[in-house]
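To be precise, the following lines are target35.txt, and they hold compact mmCIF, C-alpha atoms (C1' of nucleotides).
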```txt
# COMPACT_ATOMS: atom_id res chain seq x y z
CA MET A 1 -1.83 -34.07 -100.18
CA ASN A 2 -0.52 -31.07 -102.04
CA ILE A 3 -1.94 -27.55 -102.04
CA GLY A 4 -4.26 -28.06 -105.01
CA GLN A 5 -5.87 -31.11 -103.45
CA ALA A 6 -6.22 -29.40 -100.09
CA ALA A 7 -7.85 -26.47 -101.87
CA ALA A 8 -10.31 -28.71 -103.70
CA ALA A 9 -11.12 -30.61 -100.51
CA SER A 10 -11.63 -27.52 -98.37
CA GLY A 11 -13.09 -25.00 -100.78
CA VAL A 12 -10.28 -22.56 -100.06
CA SER A 13 -8.28 -21.45 -103.10
CA THR A 14 -4.55 -22.11 -103.34
CA LYS A 15 -4.00 -18.37 -103.29
CA MET A 16 -5.89 -18.08 -100.04
CA LEU A 17 -4.08 -21.04 -98.56
CA ARG A 18 -0.71 -19.41 -99.14
CA TYR A 19 -2.09 -16.10 -97.95
CA TYR A 20 -3.48 -17.59 -94.74
CA GLU A 21 -0.13 -19.19 -94.08
CA SER A 22 1.68 -15.92 -94.73
CA ILE A 23 -0.41 -14.03 -92.19
CA GLY A 24 -0.14 -16.82 -89.65
CA LEU A 25 -3.81 -17.81 -89.67
CA ILE A 26 -2.72 -21.38 -90.31
CA PRO A 27 0.65 -22.85 -89.35
CA LYS A 28 3.36 -23.22 -91.96
CA ALA A 29 2.69 -26.33 -93.99
CA GLY A 30 5.30 -29.06 -94.23
CA ARG A 31 7.22 -29.42 -97.48
CA THR A 32 8.26 -32.23 -99.77
CA GLU A 33 11.87 -32.45 -100.88
CA ALA A 34 10.93 -30.43 -103.94
CA GLY A 35 9.46 -27.67 -101.78
CA TYR A 36 5.79 -28.50 -102.35
CA ARG A 37 3.49 -27.82 -99.40
CA VAL A 38 1.96 -30.90 -97.78
CA TYR A 39 -1.42 -30.99 -96.03
CA SER A 40 -3.17 -33.52 -93.82
CA GLY A 41 -6.82 -34.33 -93.28
CA THR A 42 -6.66 -32.34 -90.06
CA ASP A 43 -5.44 -29.33 -92.00
CA VAL A 44 -8.38 -29.68 -94.36
CA ASN A 45 -10.76 -29.66 -91.40
CA THR A 46 -9.27 -26.43 -90.17
CA LEU A 47 -9.54 -24.94 -93.64
CA ARG A 48 -13.16 -25.93 -93.88
CA PHE A 49 -13.79 -24.28 -90.52
CA ILE A 50 -12.17 -21.12 -91.83
CA ARG A 51 -14.12 -21.19 -95.04
CA ARG A 52 -17.44 -21.57 -93.26
CA ALA A 53 -16.53 -18.71 -90.96
CA ARG A 54 -15.69 -16.55 -94.00
CA ASP A 55 -18.99 -17.52 -95.55
CA LEU A 56 -20.65 -16.05 -92.49
CA GLY A 57 -18.77 -12.84 -93.10
CA LEU A 58 -16.36 -13.04 -90.19
CA SER A 59 -13.12 -11.12 -90.57
CA ILE A 60 -9.81 -12.94 -90.64
CA GLU A 61 -8.93 -11.50 -87.25
CA ARG A 62 -12.08 -12.86 -85.63
CA ILE A 63 -11.57 -16.18 -87.36
CA ARG A 64 -8.08 -16.22 -85.91
CA LEU A 65 -9.61 -15.92 -82.45
CA LEU A 66 -12.28 -18.51 -83.16
CA VAL A 67 -9.79 -21.04 -84.50
CA GLY A 68 -7.76 -20.53 -81.34
CA LEU A 69 -10.80 -21.15 -79.16
CA TRP A 70 -11.91 -24.07 -81.28
CA GLN A 71 -8.60 -25.81 -80.66
CA ASP A 72 -8.60 -24.93 -76.98
CA ARG A 73 -10.20 -27.55 -74.77
CA GLU A 74 -10.23 -25.09 -71.89
CA ARG A 75 -12.20 -22.50 -73.85
CA SER A 76 -15.35 -20.94 -72.49
CA SER A 77 -18.31 -20.71 -74.83
CA GLY A 78 -18.79 -17.18 -73.52
CA ASP A 79 -15.73 -16.05 -75.46
CA VAL A 80 -17.04 -17.63 -78.64
CA LYS A 81 -20.43 -16.08 -78.12
CA ARG A 82 -19.00 -12.64 -77.48
CA ILE A 83 -16.99 -12.67 -80.69
CA THR A 84 -20.04 -13.83 -82.60
CA GLU A 85 -22.26 -11.16 -81.08
CA GLU A 86 -19.76 -8.48 -82.02
CA HIS A 87 -19.90 -9.63 -85.60
CA VAL A 88 -23.69 -9.80 -85.57
CA ALA A 89 -23.79 -6.23 -84.29
CA GLU A 90 -21.58 -5.10 -87.16
CA LEU A 91 -23.71 -6.96 -89.68
CA GLU A 92 -26.78 -5.36 -88.21
CA ALA A 93 -25.29 -1.87 -88.43
CA LYS A 94 -24.28 -2.46 -92.02
CA ILE A 95 -27.72 -3.79 -92.89
CA VAL A 96 -29.33 -0.70 -91.38
CA GLU A 97 -26.98 1.54 -93.33
CA LEU A 98 -27.55 -0.20 -96.65
CA THR A 99 -31.28 -0.39 -96.08
CA ALA A 100 -31.46 3.36 -95.52
CA MET A 101 -29.56 3.93 -98.75
CA ARG A 102 -31.77 1.52 -100.63
CA ASP A 103 -34.99 3.04 -99.31
CA SER A 104 -33.93 6.57 -100.21
CA LEU A 105 -32.87 5.57 -103.69
CA ARG A 106 -35.92 3.40 -104.20
CA GLU A 107 -38.13 6.35 -103.40
CA LEU A 108 -36.24 8.68 -105.69
CA ALA A 109 -36.20 6.17 -108.52
CA ASP A 110 -39.92 5.56 -108.15
CA ALA A 111 -40.52 9.30 -108.45
CA CYS A 112 -38.44 9.47 -111.62
CA HIS A 113 -40.31 9.24 -114.89
CA GLY A 114 -37.43 7.43 -116.52
CA ASP A 115 -38.22 8.70 -119.98
CA HIS A 116 -36.42 10.82 -122.55
CA ARG A 117 -36.99 14.08 -120.69
CA PRO A 118 -34.22 15.60 -118.58
CA GLU A 119 -36.30 16.38 -115.50
CA CYS A 120 -35.24 14.02 -112.72
CA PRO A 121 -35.96 13.92 -108.97
CA ILE A 122 -32.85 11.82 -108.39
CA LEU A 123 -30.56 14.51 -109.71
CA ARG A 124 -32.56 17.17 -107.95
CA ASP A 125 -32.01 15.37 -104.68
CA LEU A 126 -28.29 14.95 -105.25
CA GLU A 127 -28.10 18.60 -106.17
CA GLY A 128 -29.24 19.28 -102.66
CA ASP A 129 -32.21 21.31 -103.72
CA VAL A 130 -33.92 21.33 -100.36
CA ASP A 131 -36.50 23.89 -101.35
CA ARG A 132 -38.18 22.27 -104.30
CA THR A 133 -38.31 18.72 -102.92
CA ALA A 134 -38.59 17.60 -99.35
CA ARG A 135 -35.30 15.91 -98.67
CA ARG A 136 -36.33 12.83 -96.74
CA ARG A 137 -33.04 11.10 -97.22
CA ALA A 138 -31.92 10.13 -93.76
CA GLU A 139 -28.89 11.67 -92.20
CA PRO A 140 -26.16 9.08 -91.67
CA LEU A 141 -27.51 6.64 -89.15
CA VAL A 142 -24.29 5.61 -87.57
CA ARG A 143 -21.53 8.00 -86.75
CA GLU A 144 -18.03 7.70 -85.38
CA ARG A 145 -17.22 4.18 -86.28
CA ARG A 146 -13.87 4.71 -87.86
CA GLY A 147 -11.73 1.67 -88.46
CA HIS A 148 -14.77 -0.53 -88.28
CA PRO A 149 -14.01 -3.90 -89.86
CA LEU A 150 -17.25 -4.17 -91.80
CA GLU A 151 -16.80 -0.89 -93.50
CA ALA A 152 -13.16 -0.11 -93.23
CA HIS A 153 -12.75 -0.81 -96.92
CA ARG A 154 -15.81 1.12 -97.92
CA ARG A 155 -16.35 4.74 -96.96
CA GLY A 156 -14.26 5.71 -94.00
CA HIS A 157 -17.23 7.87 -93.15
CA HIS A 158 -15.32 10.88 -94.33
CA HIS A 159 -18.33 12.86 -93.41
CA GLY A 160 -17.37 15.00 -90.53
CA ALA A 161 -14.24 16.41 -92.07
CA MET B 162 -11.00 29.52 -102.45
CA ASN B 163 -8.19 27.05 -101.71
CA ILE B 164 -8.50 23.31 -101.25
CA GLY B 165 -9.05 23.43 -97.49
CA GLN B 166 -11.91 25.85 -97.80
CA ALA B 167 -13.49 23.90 -100.63
CA ALA B 168 -13.21 20.77 -98.51
CA ALA B 169 -14.87 22.43 -95.54
CA ALA B 170 -17.62 23.86 -97.73
CA SER B 171 -18.37 20.60 -99.54
CA GLY B 172 -17.74 17.95 -96.91
CA VAL B 173 -15.17 16.25 -99.11
CA SER B 174 -11.70 15.90 -97.58
CA THR B 175 -8.67 17.49 -99.21
CA LYS B 176 -7.31 14.01 -99.78
CA MET B 177 -10.42 13.02 -101.68
CA LEU B 178 -10.42 16.25 -103.64
CA ARG B 179 -6.94 15.58 -104.96
CA TYR B 180 -7.85 11.96 -105.56
CA TYR B 181 -11.01 12.83 -107.50
CA GLU B 182 -8.98 15.18 -109.62
CA SER B 183 -6.33 12.52 -110.23
CA ILE B 184 -8.87 10.00 -111.50
CA GLY B 185 -10.64 12.61 -113.60
CA LEU B 186 -13.90 12.63 -111.67
CA ILE B 187 -13.56 16.40 -111.39
CA PRO B 188 -11.62 18.61 -113.82
CA LYS B 189 -8.15 19.83 -112.91
CA ALA B 190 -8.45 22.81 -110.61
CA GLY B 191 -6.85 26.11 -111.51
CA ARG B 192 -3.72 27.15 -109.64
CA THR B 193 -2.40 30.26 -107.97
CA GLU B 194 1.11 31.45 -108.76
CA ALA B 195 2.36 29.45 -105.84
CA GLY B 196 0.75 26.28 -107.19
CA TYR B 197 -2.21 26.22 -104.81
CA ARG B 198 -5.44 24.78 -106.23
CA VAL B 199 -8.29 27.26 -106.64
CA TYR B 200 -11.99 26.38 -106.45
CA SER B 201 -15.18 28.24 -107.27
CA GLY B 202 -18.68 28.07 -105.85
CA THR B 203 -19.69 25.96 -108.84
CA ASP B 204 -16.94 23.50 -108.01
CA VAL B 205 -18.27 23.26 -104.47
CA ASN B 206 -21.74 22.45 -105.82
CA THR B 207 -20.32 19.61 -107.85
CA LEU B 208 -18.41 18.36 -104.85
CA ARG B 209 -21.54 18.40 -102.73
CA PHE B 210 -23.33 16.43 -105.44
CA ILE B 211 -20.55 13.87 -105.34
CA ARG B 212 -20.55 13.66 -101.59
CA ARG B 213 -24.30 13.07 -101.44
CA ALA B 214 -23.99 10.38 -104.06
CA ARG B 215 -21.23 8.70 -102.07
CA ASP B 216 -23.42 8.91 -98.97
CA LEU B 217 -25.98 6.88 -100.88
CA GLY B 218 -23.33 4.27 -101.53
CA LEU B 219 -22.84 4.90 -105.23
CA SER B 220 -19.49 3.88 -106.67
CA ILE B 221 -17.16 6.46 -108.14
CA GLU B 222 -17.80 5.08 -111.61
CA ARG B 223 -21.55 5.48 -111.32
CA ILE B 224 -21.09 8.94 -109.85
CA ARG B 225 -18.94 9.78 -112.85
CA LEU B 226 -21.87 8.87 -115.09
CA LEU B 227 -24.37 10.75 -112.94
CA VAL B 228 -22.27 13.91 -112.86
CA GLY B 229 -22.06 13.71 -116.63
CA LEU B 230 -25.81 13.41 -116.95
CA TRP B 231 -26.37 16.10 -114.36
CA GLN B 232 -24.38 18.55 -116.44
CA ASP B 233 -26.02 17.46 -119.67
CA ARG B 234 -29.12 19.45 -120.58
CA GLU B 235 -29.96 16.88 -123.22
CA ARG B 236 -29.98 14.02 -120.74
CA SER B 237 -32.87 11.63 -120.43
CA SER B 238 -34.07 10.84 -116.94
CA GLY B 239 -34.28 7.21 -118.09
CA ASP B 240 -30.49 7.01 -118.02
CA VAL B 241 -30.36 8.42 -114.52
CA LYS B 242 -33.05 6.03 -113.36
CA ARG B 243 -31.33 3.01 -114.88
CA ILE B 244 -28.06 3.76 -113.11
CA THR B 245 -29.91 4.25 -109.86
CA GLU B 246 -31.86 1.03 -110.25
CA GLU B 247 -28.65 -0.89 -110.86
CA HIS B 248 -27.25 0.41 -107.64
CA VAL B 249 -30.45 -0.35 -105.75
CA ALA B 250 -30.31 -3.92 -107.04
CA GLU B 251 -26.77 -4.28 -105.74
CA LEU B 252 -27.72 -2.84 -102.39
CA GLU B 253 -30.63 -5.23 -102.22
CA ALA B 254 -28.43 -8.23 -103.00
CA LYS B 255 -25.95 -7.17 -100.37
CA ILE B 256 -28.69 -6.68 -97.81
CA VAL B 257 -30.04 -10.16 -98.51
CA GLU B 258 -26.56 -11.62 -98.16
CA LEU B 259 -25.79 -9.86 -94.89
CA THR B 260 -29.22 -10.62 -93.50
CA ALA B 261 -28.74 -14.33 -94.15
CA MET B 262 -25.41 -14.19 -92.34
CA ARG B 263 -26.88 -12.29 -89.46
CA ASP B 264 -29.84 -14.64 -89.08
CA SER B 265 -27.64 -17.73 -89.08
CA LEU B 266 -25.28 -16.27 -86.53
CA ARG B 267 -28.09 -14.89 -84.42
CA GLU B 268 -29.59 -18.34 -84.20
CA LEU B 269 -26.29 -19.97 -83.33
CA ALA B 270 -25.46 -17.33 -80.75
CA ASP B 271 -28.87 -17.69 -79.15
CA ALA B 272 -28.30 -21.42 -78.84
CA CYS B 273 -24.94 -20.85 -77.16
CA HIS B 274 -24.91 -20.86 -73.38
CA GLY B 275 -22.16 -18.29 -73.31
CA ASP B 276 -20.77 -19.48 -70.00
CA HIS B 277 -17.44 -20.89 -68.82
CA ARG B 278 -18.04 -24.30 -70.35
CA PRO B 279 -16.42 -25.23 -73.68
CA GLU B 280 -19.49 -26.72 -75.32
CA CYS B 281 -20.60 -24.38 -78.09
CA PRO B 282 -23.11 -24.72 -80.96
CA ILE B 283 -21.34 -21.98 -82.90
CA LEU B 284 -18.10 -23.92 -83.08
CA ARG B 285 -19.98 -27.12 -83.77
CA ASP B 286 -21.61 -25.47 -86.74
CA LEU B 287 -18.36 -24.10 -88.09
CA GLU B 288 -16.81 -27.52 -87.64
CA GLY B 289 -19.35 -28.69 -90.14
CA ASP B 290 -20.75 -31.34 -87.89
CA VAL B 291 -23.83 -32.03 -89.96
CA ASP B 292 -24.82 -35.09 -88.00
CA ARG B 293 -25.17 -33.70 -84.52
CA THR B 294 -26.88 -30.46 -85.42
CA ALA B 295 -29.18 -29.68 -88.27
CA ARG B 296 -27.20 -27.24 -90.39
CA ARG B 297 -29.78 -24.67 -91.34
CA ARG B 298 -27.24 -22.15 -92.45
CA ALA B 299 -28.27 -21.16 -95.92
CA GLU B 300 -26.18 -22.00 -98.90
CA PRO B 301 -24.88 -18.85 -100.56
CA LEU B 302 -27.88 -17.02 -101.86
CA VAL B 303 -26.29 -15.33 -104.77
CA ARG B 304 -23.85 -17.03 -107.07
CA GLU B 305 -21.77 -15.99 -110.01
CA ARG B 306 -21.49 -12.31 -109.41
CA ARG B 307 -17.77 -11.89 -109.73
CA GLY B 308 -16.41 -8.41 -110.06
CA HIS B 309 -19.53 -7.02 -108.53
CA PRO B 310 -18.88 -3.47 -107.26
CA LEU B 311 -20.63 -3.84 -103.95
CA GLU B 312 -18.68 -6.85 -102.93
CA ALA B 313 -15.59 -6.76 -105.02
CA HIS B 314 -13.58 -5.70 -102.01
CA ARG B 315 -15.15 -8.21 -99.71
CA ARG B 316 -15.14 -11.89 -100.50
CA GLY B 317 -14.61 -12.48 -104.16
CA HIS B 318 -17.04 -15.29 -103.60
CA HIS B 319 -14.12 -17.67 -103.67
CA HIS B 320 -16.62 -20.39 -103.11
CA GLY B 321 -16.73 -22.37 -106.24
CA ALA B 322 -13.02 -22.84 -106.54
C1' DG C 323 14.61 -41.34 -122.29
C1' DC C 324 12.14 -37.40 -123.71
C1' DT C 325 8.32 -34.46 -124.27
C1' DT C 326 4.09 -32.61 -122.79
C1' DG C 327 1.18 -30.41 -119.83
C1' DA C 328 -0.56 -29.85 -115.42
C1' DC C 329 0.97 -28.67 -111.27
C1' DC C 330 3.92 -26.28 -107.92
C1' DT C 331 7.09 -22.22 -106.23
C1' DT C 332 7.95 -17.05 -105.18
C1' DC C 333 7.20 -12.32 -106.24
C1' DC C 334 4.94 -8.31 -107.62
C1' DC C 335 0.86 -5.71 -109.05
C1' DG C 336 -4.13 -4.37 -108.96
C1' DT C 337 -8.41 -3.92 -106.59
C1' DC C 338 -11.70 0.30 -104.09
C1' DA C 339 -11.85 4.65 -101.92
C1' DT C 340 -9.71 6.43 -98.89
C1' DG C 341 -6.31 7.97 -94.59
C1' DG C 342 -1.60 8.72 -92.80
C1' DG C 343 2.54 10.76 -92.98
C1' DA C 344 7.05 12.52 -94.73
C1' DA C 345 9.64 16.19 -96.94
C1' DG C 346 9.60 20.62 -98.56
C1' DG C 347 7.56 25.27 -99.80
C1' DG C 348 4.07 29.31 -99.15
C1' DG C 349 1.62 33.05 -96.59
C1' DG C 350 0.02 36.13 -93.44
C1' DA C 351 0.18 37.90 -88.68
C1' DA C 352 2.75 39.16 -84.41
C1' DT D 353 11.98 37.37 -88.67
C1' DT D 354 9.61 33.94 -86.59
C1' DC D 355 5.73 31.17 -86.17
C1' DC D 356 2.32 28.21 -87.43
C1' DC D 357 -0.82 26.59 -90.44
C1' DC D 358 -1.68 25.69 -94.96
C1' DC D 359 -0.33 23.91 -99.35
C1' DT D 360 2.38 20.68 -102.60
C1' DT D 361 3.84 15.82 -104.26
C1' DC D 362 4.94 11.18 -103.21
C1' DC D 363 4.76 6.83 -101.13
C1' DC D 364 2.60 3.46 -98.04
C1' DA D 365 -1.29 0.94 -95.79
C1' DT D 366 -5.88 -0.86 -95.53
C1' DG D 367 -8.83 -6.29 -96.36
C1' DA D 368 -8.81 -10.20 -98.52
C1' DC D 369 -7.91 -11.67 -102.05
C1' DG D 370 -7.10 -12.62 -107.79
C1' DG D 371 -3.97 -12.32 -111.87
C1' DG D 372 -0.02 -13.30 -113.96
C1' DA D 373 5.04 -13.75 -114.82
C1' DA D 374 9.20 -16.56 -114.45
C1' DG D 375 10.85 -20.71 -113.33
C1' DG D 376 11.02 -25.58 -111.07
C1' DT D 377 8.58 -30.50 -110.58
C1' DC D 378 6.10 -34.56 -111.56
C1' DA D 379 3.59 -38.20 -113.83
C1' DA D 380 1.85 -40.03 -118.03
C1' DG D 381 2.36 -41.21 -122.72
C1' DC D 382 5.29 -42.18 -126.65
```
Using structure tokens, write down the structure from this file.
Amino acid sequence: MNIGQAAAASGVSTKMLRYYESIGLIPKAGRTEAGYRVYSGTDVNTLRFIRRARDLGLSIERIRLLVGLWQDRERSSGDVKRITEEHVAELEAKIVELTAMRDSLRELADACHGDHRPECPILRDLEGDVDRTARRRAEPLVRERRGHPLEAHRRGHHHGA
Amino acid sequence: MNIGQAAAASGVSTKMLRYYESIGLIPKAGRTEAGYRVYSGTDVNTLRFIRRARDLGLSIERIRLLVGLWQDRERSSGDVKRITEEHVAELEAKIVELTAMRDSLRELADACHGDHRPECPILRDLEGDVDRTARRRAEPLVRERRGHPLEAHRRGHHHGA
DNA sequence: GCTTGACCTTCCCGTCATGGGAAGGGGGAA
DNA sequence: TTCCCCCTTCCCATGACGGGAAGGTCAAGC
């Protein structure tokens, strides 16, 4: 089974397969004489595991831990549960953050006429005009979570500085 | 007012200030003889506008549009509202996606004993063992949204391939 | 046997919005 | 003058990939 077939069978792209190998998430695949990577049915199972974990939003680093536990007969389910709970907590925090943003913007958009005239509560809010409109937009709900996996890519919470 | 003071006054870091200038989100700042950037109170107002927009999760590109409209006396609030609604829709989609993940994982974690024993419903689910446990994990709720700003960084929805 | 085209290989670049840090120069106070 | 903090530009890293170039391989069809 070459890389394309393994990709089709697992739902992981060939790019990701090579990437996962490069970062050591999966072991180095065997090679044919011509240098083509070779995969087994067992490899495909692991890849499917990884893909499902990604679908649930888990980071590569947590998946690395989970794959290790999965293949460890001596594992304790407590470790698996702890990793999962950590991820759930991050999802929850992100949901709360996005929901606050959505609610604020929803409210502002609803108050906007949306016609040809320039007057606009959305811009007034962004302007920071605290006097003319009550600024109900919530202060950031979660502080001091730098380097947080779920938002490391998005907004380092540059706030404080 | 030099860059450090403008940063302190606006809540935008010096790094971001230089970055915003480099991508043309803000005009090139004036310079002192020594080459230091100089900012005015008006500049700080713009920066605060940008920071508030970022706090609401808007992308730089949308902020670019909003700043343009903000400074345009001939603007129509309809344009502002449309941009905002687009962003709200993306937030909503992301919230739905994360909530589905959270609910699935919450359920699996709740079913996990979390003790020293290896048996674990979480791993069984990731294994894809459809026979032993009913797999209630939702299929991806939103398809075909490649290049979507709110998730471009996270999971290119590599699914289909 | 040769061509064609689909596949494979490695390598580098771009994403998005930042932070970190190096190397070098400026500026005002003690 | 010395000191320290500020400023400058430049490059690198992040997470988890996708795109694409340049070149090698393989199987099918003629």
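Using only C-alpha atoms (C1' of nucleotides), one finds that the residues of chain C close to chain A, at 7 Å or less, are DC330, DA339 and DT340 of chain C.
Atom pair atom CA of Asn45 of chain A / atom CA of Lys15 of chain A has a distance of 17.7 Å (rounded to one decimal).
Using only C-alpha atoms (C1' of nucleotides), one finds that the residues of chain D close to chain B, at 12 Å or less, are DC357, DC358, DC359, DT360, DT361, DT366, DG367, DA368, DC369 and DG370 of chain D.
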Segment 186-190 of chain B surroundings by only C-alpha atoms (C1' of nucleotides), 12 Å radius, close-in-sequence under 3 positions cut, as a PDB file with C-alpha atoms, keeping the file's coordinate frame:
```pdb
ATOM      1  CA  MET B 162     -11.000  29.520-102.450  1.00  0.00           C
ATOM      2  CA  ASN B 163      -8.190  27.050-101.710  1.00  0.00           C
ATOM      3  CA  ILE B 164      -8.500  23.310-101.250  1.00  0.00           C
ATOM      4  CA  ALA B 167     -13.490  23.900-100.630  1.00  0.00           C
ATOM      5  CA  MET B 177     -10.420  13.020-101.680  1.00  0.00           C
ATOM      6  CA  LEU B 178     -10.420  16.250-103.640  1.00  0.00           C
ATOM      7  CA  ARG B 179      -6.940  15.580-104.960  1.00  0.00           C
ATOM      8  CA  TYR B 180      -7.850  11.960-105.560  1.00  0.00           C
ATOM      9  CA  TYR B 181     -11.010  12.830-107.500  1.00  0.00           C
ATOM     10  CA  GLU B 182      -8.980  15.180-109.620  1.00  0.00           C
ATOM     11  CA  SER B 183      -6.330  12.520-110.230  1.00  0.00           C
ATOM     12  CA  THR B 193      -2.400  30.260-107.970  1.00  0.00           C
ATOM     13  CA  GLY B 196       0.750  26.280-107.190  1.00  0.00           C
ATOM     14  CA  TYR B 197      -2.210  26.220-104.810  1.00  0.00           C
ATOM     15  CA  ARG B 198      -5.440  24.780-106.230  1.00  0.00           C
ATOM     16  CA  VAL B 199      -8.290  27.260-106.640  1.00  0.00           C
ATOM     17  CA  TYR B 200     -11.990  26.380-106.450  1.00  0.00           C
ATOM     18  CA  SER B 201     -15.180  28.240-107.270  1.00  0.00           C
ATOM     19  CA  THR B 203     -19.690  25.960-108.840  1.00  0.00           C
ATOM     20  CA  ASP B 204     -16.940  23.500-108.010  1.00  0.00           C
ATOM     21  CA  VAL B 205     -18.270  23.260-104.470  1.00  0.00           C
ATOM     22  CA  ASN B 206     -21.740  22.450-105.820  1.00  0.00           C
ATOM     23  CA  THR B 207     -20.320  19.610-107.850  1.00  0.00           C
ATOM     24  CA  LEU B 208     -18.410  18.360-104.850  1.00  0.00           C
ATOM     25  CA  ARG B 209     -21.540  18.400-102.730  1.00  0.00           C
ATOM     26  CA  PHE B 210     -23.330  16.430-105.440  1.00  0.00           C
ATOM     27  CA  ILE B 211     -20.550  13.870-105.340  1.00  0.00           C
ATOM     28  CA  SER B 220     -19.490   3.880-106.670  1.00  0.00           C
ATOM     29  CA  ILE B 221     -17.160   6.460-108.140  1.00  0.00           C
ATOM     30  CA  GLU B 222     -17.800   5.080-111.610  1.00  0.00           C
ATOM     31  CA  ARG B 223     -21.550   5.480-111.320  1.00  0.00           C
ATOM     32  CA  ILE B 224     -21.090   8.940-109.850  1.00  0.00           C
ATOM     33  CA  ARG B 225     -18.940   9.780-112.850  1.00  0.00           C
ATOM     34  CA  LEU B 226     -21.870   8.870-115.090  1.00  0.00           C
ATOM     35  CA  LEU B 227     -24.370  10.750-112.940  1.00  0.00           C
ATOM     36  CA  VAL B 228     -22.270  13.910-112.860  1.00  0.00           C
ATOM     37  CA  GLY B 229     -22.060  13.710-116.630  1.00  0.00           C
TER      38      GLY B 229
END
```
Rounded to one decimal in Å, what is the spacing between atom CA of Asp276 of chain B and atom CA of Arg54 of chain A? 24.7 Å
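Coordinates place atom CA of Leu56 of chain A at a distance of 8.4 Å from atom CA of Ala261 of chain B.
For the point (-3.1, -31.7, -116.6), the residues with an atom at a distance of at most 12 Å are DT326, DG327, DA328 and DC329 of chain C; DC378, DA379 and DA380 of chain D, counting all atoms listed in the file.
Distances from A:Pro121, A:Gly57, A:Gly128, A:Gly78 to chain B were compared using all atoms listed in the file, and the smallest one belongs to A:Gly78.
The closest residue to chain B, picked from A:Gly30, A:Gly24, A:Gly41, A:Gly114 and counting only C-alpha atoms, is A:Gly114.
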Is it possible to get the residues within 12 Å of (2.3, 9.6, -92.2) (coordinates as in the file, counting only C-alpha atoms (C1' of nucleotides)) written as an MDAnalysis selection string? (chainID C and resid 341:345) or (chainID D and resid 362:365)
Give me the residues near Asp240 of chain B as JSON, numbers by chain, where near means some atom within 12 Å (using all atoms listed in the file) and where sequence neighbours in that chain fewer than 3 positions away do not count. {"A": [109, 112, 113, 114, 115, 116, 117, 118, 119, 120, 122, 123], "B": [223, 226, 227, 228, 229, 230, 231, 233, 235, 236, 237, 243, 244, 245, 246, 247]}
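Across B:Leu219, B:Ala272, B:Val249, B:Ala254, the tightest approach to chain A is made by B:Val249 when counting all atoms listed in the file.
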I'd like the neighbourhood of DT353 of chain D as a PyMOL selection string, where a residue qualifies if any of its atoms comes within 12 Å (using all atoms listed in the file), though same-chain residues fewer than 2 positions away should be ignored. (chain C and resi 351-352) or (chain D and resi 355)
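Distances here use all atoms listed in the file; by that measure, the residue among B:Glu288, B:His248, B:Glu194, B:Ile184 closest to chain A is B:Glu288.
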